[in-house]
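Engineer: Before anything else, here's the structure in question.
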Amino acid sequence: MTAIRVLLVDDDPLVRAGLSFMLGGAGDIEIVGEAADGGEVGALVDRTRPDVVLMDIRMPSVDGLTATESLRTREDAPQVVVLTTFHADDQVLRALRAGAAGFVLKDTPPAEIVAAVRRVAAGDPVLSPAVTRQLMAHAAGTAGGTRRARARERVTGLNDREREVAVAVGRGLANAEIAAELYMSVATVKTHVSRILAKLGLNNRVQIALLAHDAGLLEETGSS
């Protein structure tokens with residue numbers, strides 16, 4: 001089995017050492033590089049070709065948000081998982097909107113961080129339903145009328161079934177849960193998710209969830 005290649009980006013050497021120790025102990029994960037600032041990330045990604053980047057948000061020179069935005073414009077960009085001390089924070093939201101696949105708190109238990117890396121490498125977001133609800137509530141509180149109008153215009157291209165799937169993704173449901181709720185196969189759910197991503201020009205499920213909330217789709221269906 002091919003190991004998951006991980007790049008660590010954090011300005012605190014103790015944090016990097018801790019992450020390297022916990023992730024390096026997993027047989028299916030390989031630490032291919034470390035960076036202390038977002039400005040180092042581009043060259044390191046070119047050299048090490050990671051599958052996943054664990055990215056600190058707050059760094060003194062180039063922050064993780066800027067580095068994430070830059071990475072996600074690349075073809076074959078690695079998945080980015082944001083490292084943060086806050087559940088809901090404007091910078092975390094901006095990183096997710098830029099294409100980060102999720103986030104983990106720095107005090108998350110080691111086994112959960114390892115599981116998060118595996119999930120992202122497999123193409124799944126790292127956002128539990130509870131965290132999704134908290135983030136989306138924060139997003140709703142910071143979204144203005146212009147963002148709502150733009151989001152509503154974008155989702156008009158979705159058909160009814162795709163809107164139902166987008167709402168379910170916005171609620172933080174996994175594919176199997178969506179399949180059970182909407183009476184379809186998991187494969188069909190995946191197909192709908194892929195079509196939504198393509199139609200809306202999005203990178204991942206997290207961005208679907210954010211757009212669904214911005215557009216008020218969950219409010220229309222009475223979901224919370």
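Chain labels run A, B, ... following the order of the structure tokens; each chain numbers its residues from 1, and ligands are numbered from 1 in the order shown.
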So which residues touch range 27-30 of chain A within 6 Å, counting only C-alpha atoms, skipping near sequence neighbours fewer than 5 positions away, as a PDB file with C-alpha atoms, in the first residue's frame?

Structural biologist:
```pdb
ATOM      1  CA  ALA A   3       1.953   5.669   2.072  1.00  0.00           C
ATOM      2  CA  ILE A   4       0.094   8.965   2.453  1.00  0.00           C
ATOM      3  CA  ARG A   5       2.642  11.725   1.960  1.00  0.00           C
TER       4      ARG A   5
END
```

Engineer: Could you name the residues that touch range 66-68 of chain A at 9 Å or less, counting only C-alpha atoms, but leaving out those on the same chain fewer than 2 positions away, as a ChimeraX atom specification?

Structural biologist: /A:37-42,55,57,62-64,70-73,80,82,95,98-100

Engineer: May I have the selected residues written with C-alpha atoms, as an mmCIF file, in the first residue's frame?

Structural biologist:
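Output file out_35.cif is given in full below:
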```cif
data_model
loop_
_atom_site.group_PDB
_atom_site.id
_atom_site.type_symbol
_atom_site.label_atom_id
_atom_site.label_comp_id
_atom_site.auth_asym_id
_atom_site.auth_seq_id
_atom_site.Cartn_x
_atom_site.Cartn_y
_atom_site.Cartn_z
ATOM 1 C CA ASP A 37 6.139 29.571 7.348
ATOM 2 C CA GLY A 38 3.620 29.679 4.540
ATOM 3 C CA GLY A 39 6.188 31.262 2.249
ATOM 4 C CA GLU A 40 8.130 27.989 2.186
ATOM 5 C CA VAL A 41 5.165 25.859 1.168
ATOM 6 C CA GLY A 42 5.162 26.283 -2.611
ATOM 7 C CA MET A 55 -1.364 23.907 7.655
ATOM 8 C CA ILE A 57 -3.288 29.396 10.100
ATOM 9 C CA VAL A 62 3.053 34.303 5.135
ATOM 10 C CA ASP A 63 0.034 32.916 6.972
ATOM 11 C CA GLY A 64 -1.671 29.606 6.309
ATOM 12 C CA SER A 70 -2.070 29.729 -3.422
ATOM 13 C CA LEU A 71 -1.913 25.929 -3.230
ATOM 14 C CA ARG A 72 -5.523 25.379 -4.232
ATOM 15 C CA THR A 73 -5.015 27.254 -7.525
ATOM 16 C CA VAL A 80 -5.057 20.983 2.915
ATOM 17 C CA VAL A 82 -6.054 23.578 8.638
ATOM 18 C CA ALA A 95 -9.433 28.779 4.361
ATOM 19 C CA ALA A 98 -10.455 28.698 -0.491
ATOM 20 C CA GLY A 99 -10.579 24.916 -0.750
ATOM 21 C CA ALA A 100 -9.186 23.451 2.491
#
```

Engineer: Hey, which of A:Tyr183, A:Arg154, A:Leu197, A:Gly216 ends up closest to Gly170 in chain A? Count only C-alpha atoms.

Structural biologist: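 Comparing A:Tyr183, A:Arg154, A:Leu197, A:Gly216 against Gly170 in chain A, the winner is A:Gly216.
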
Engineer: Pull the helix (DSSP H, G or I) assignments for range 23-127 of chain A out of DSSP run on the backbone, and list those residues as number ranges by chain.

Structural biologist: A: 23-24, 38-48, 64-71, 90-98, 110-121

Engineer: With N, CA and C atoms retained, could you export that selection as a short mmCIF file (atom, residue, chain, number, x, y, z; two decimals), in the first residue's frame?

Structural biologist:
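The resulting out-v7.cif:
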```cif
data_model
loop_
_atom_site.label_atom_id
_atom_site.label_comp_id
_atom_site.auth_asym_id
_atom_site.auth_seq_id
_atom_site.Cartn_x
_atom_site.Cartn_y
_atom_site.Cartn_z
N LEU A 23 2.24 11.19 13.70
CA LEU A 23 1.90 10.71 12.37
C LEU A 23 2.92 9.71 11.84
N GLY A 24 4.18 9.93 12.20
CA GLY A 24 5.24 9.04 11.74
C GLY A 24 5.10 7.63 12.29
N GLY A 38 4.34 29.92 5.77
CA GLY A 38 3.62 29.68 4.54
C GLY A 38 4.41 30.00 3.29
N GLY A 39 5.38 30.90 3.40
CA GLY A 39 6.19 31.26 2.25
C GLY A 39 7.07 30.13 1.74
N GLU A 40 7.29 29.13 2.58
CA GLU A 40 8.13 27.99 2.19
C GLU A 40 7.34 26.89 1.50
N VAL A 41 6.01 26.99 1.55
CA VAL A 41 5.17 25.86 1.17
C VAL A 41 5.25 25.53 -0.31
N GLY A 42 5.18 26.54 -1.18
CA GLY A 42 5.16 26.28 -2.61
C GLY A 42 6.34 25.46 -3.08
N ALA A 43 7.55 25.87 -2.69
CA ALA A 43 8.75 25.16 -3.12
C ALA A 43 8.80 23.76 -2.54
N LEU A 44 8.36 23.62 -1.28
CA LEU A 44 8.35 22.30 -0.65
C LEU A 44 7.37 21.36 -1.33
N VAL A 45 6.21 21.88 -1.69
CA VAL A 45 5.22 21.05 -2.39
C VAL A 45 5.79 20.59 -3.74
N ASP A 46 6.47 21.49 -4.43
CA ASP A 46 7.09 21.12 -5.71
C ASP A 46 8.10 20.00 -5.52
N ARG A 47 8.84 20.07 -4.43
CA ARG A 47 9.93 19.11 -4.21
C ARG A 47 9.46 17.79 -3.64
N THR A 48 8.46 17.83 -2.73
CA THR A 48 8.09 16.62 -1.99
C THR A 48 6.79 15.97 -2.47
N GLY A 64 -1.16 30.83 6.91
CA GLY A 64 -1.67 29.61 6.31
C GLY A 64 -2.81 29.85 5.34
N LEU A 65 -3.57 30.91 5.56
CA LEU A 65 -4.66 31.24 4.66
C LEU A 65 -4.12 31.58 3.27
N THR A 66 -3.13 32.47 3.24
CA THR A 66 -2.52 32.86 1.96
C THR A 66 -1.90 31.65 1.27
N ALA A 67 -1.21 30.83 2.05
CA ALA A 67 -0.57 29.64 1.47
C ALA A 67 -1.60 28.66 0.94
N THR A 68 -2.72 28.51 1.65
CA THR A 68 -3.79 27.61 1.19
C THR A 68 -4.40 28.10 -0.11
N GLU A 69 -4.70 29.40 -0.17
CA GLU A 69 -5.27 29.97 -1.39
C GLU A 69 -4.34 29.76 -2.58
N SER A 70 -3.04 29.92 -2.35
CA SER A 70 -2.07 29.73 -3.42
C SER A 70 -2.01 28.27 -3.87
N LEU A 71 -2.00 27.35 -2.90
CA LEU A 71 -1.91 25.93 -3.23
C LEU A 71 -3.12 25.46 -4.03
N ASP A 90 -13.07 33.43 11.60
CA ASP A 90 -13.15 33.96 10.24
C ASP A 90 -12.05 33.43 9.33
N GLN A 91 -10.84 33.27 9.88
CA GLN A 91 -9.74 32.79 9.05
C GLN A 91 -9.93 31.33 8.66
N VAL A 92 -10.48 30.53 9.59
CA VAL A 92 -10.77 29.13 9.26
C VAL A 92 -11.80 29.07 8.14
N LEU A 93 -12.84 29.87 8.26
CA LEU A 93 -13.87 29.90 7.22
C LEU A 93 -13.28 30.32 5.87
N ARG A 94 -12.41 31.31 5.88
CA ARG A 94 -11.80 31.75 4.62
C ARG A 94 -10.95 30.63 4.02
N ALA A 95 -10.24 29.89 4.86
CA ALA A 95 -9.43 28.78 4.36
C ALA A 95 -10.33 27.70 3.76
N LEU A 96 -11.47 27.42 4.39
CA LEU A 96 -12.39 26.43 3.86
C LEU A 96 -12.99 26.90 2.54
N ARG A 97 -13.33 28.19 2.47
CA ARG A 97 -13.86 28.72 1.22
C ARG A 97 -12.81 28.65 0.11
N ALA A 98 -11.54 28.75 0.49
CA ALA A 98 -10.45 28.70 -0.49
C ALA A 98 -10.18 27.28 -0.97
N PRO A 110 -4.25 12.41 19.33
CA PRO A 110 -3.41 11.93 18.22
C PRO A 110 -4.13 10.99 17.26
N ALA A 111 -4.88 10.03 17.79
CA ALA A 111 -5.56 9.06 16.92
C ALA A 111 -6.53 9.74 15.97
N GLU A 112 -7.16 10.83 16.43
CA GLU A 112 -8.12 11.53 15.59
C GLU A 112 -7.42 12.34 14.49
N ILE A 113 -6.23 12.86 14.79
CA ILE A 113 -5.46 13.57 13.76
C ILE A 113 -5.01 12.59 12.68
N VAL A 114 -4.56 11.42 13.09
CA VAL A 114 -4.18 10.38 12.13
C VAL A 114 -5.38 10.00 11.27
N ALA A 115 -6.53 9.83 11.91
CA ALA A 115 -7.74 9.47 11.17
C ALA A 115 -8.14 10.59 10.21
N ALA A 116 -7.94 11.83 10.62
CA ALA A 116 -8.28 12.97 9.76
C ALA A 116 -7.42 12.97 8.50
N VAL A 117 -6.14 12.71 8.66
CA VAL A 117 -5.24 12.65 7.49
C VAL A 117 -5.68 11.55 6.55
N ARG A 118 -6.04 10.40 7.09
CA ARG A 118 -6.49 9.29 6.25
C ARG A 118 -7.78 9.64 5.51
N ARG A 119 -8.69 10.29 6.21
CA ARG A 119 -9.98 10.65 5.60
C ARG A 119 -9.78 11.62 4.44
N VAL A 120 -8.96 12.64 4.67
CA VAL A 120 -8.73 13.63 3.62
C VAL A 120 -8.02 13.00 2.42
N ALA A 121 -7.06 12.14 2.69
CA ALA A 121 -6.35 11.46 1.60
C ALA A 121 -7.31 10.60 0.77
#
```

Engineer: Check the smallest atom-to-atom distance from each of A:Asp160, A:Pro125, A:Lys190, A:Val15 to Gln207 in chain A using only C-alpha atoms, then report the winner.

Structural biologist: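 Nearest candidate to Gln207 in chain A out of A:Asp160, A:Pro125, A:Lys190, A:Val15: A:Pro125.
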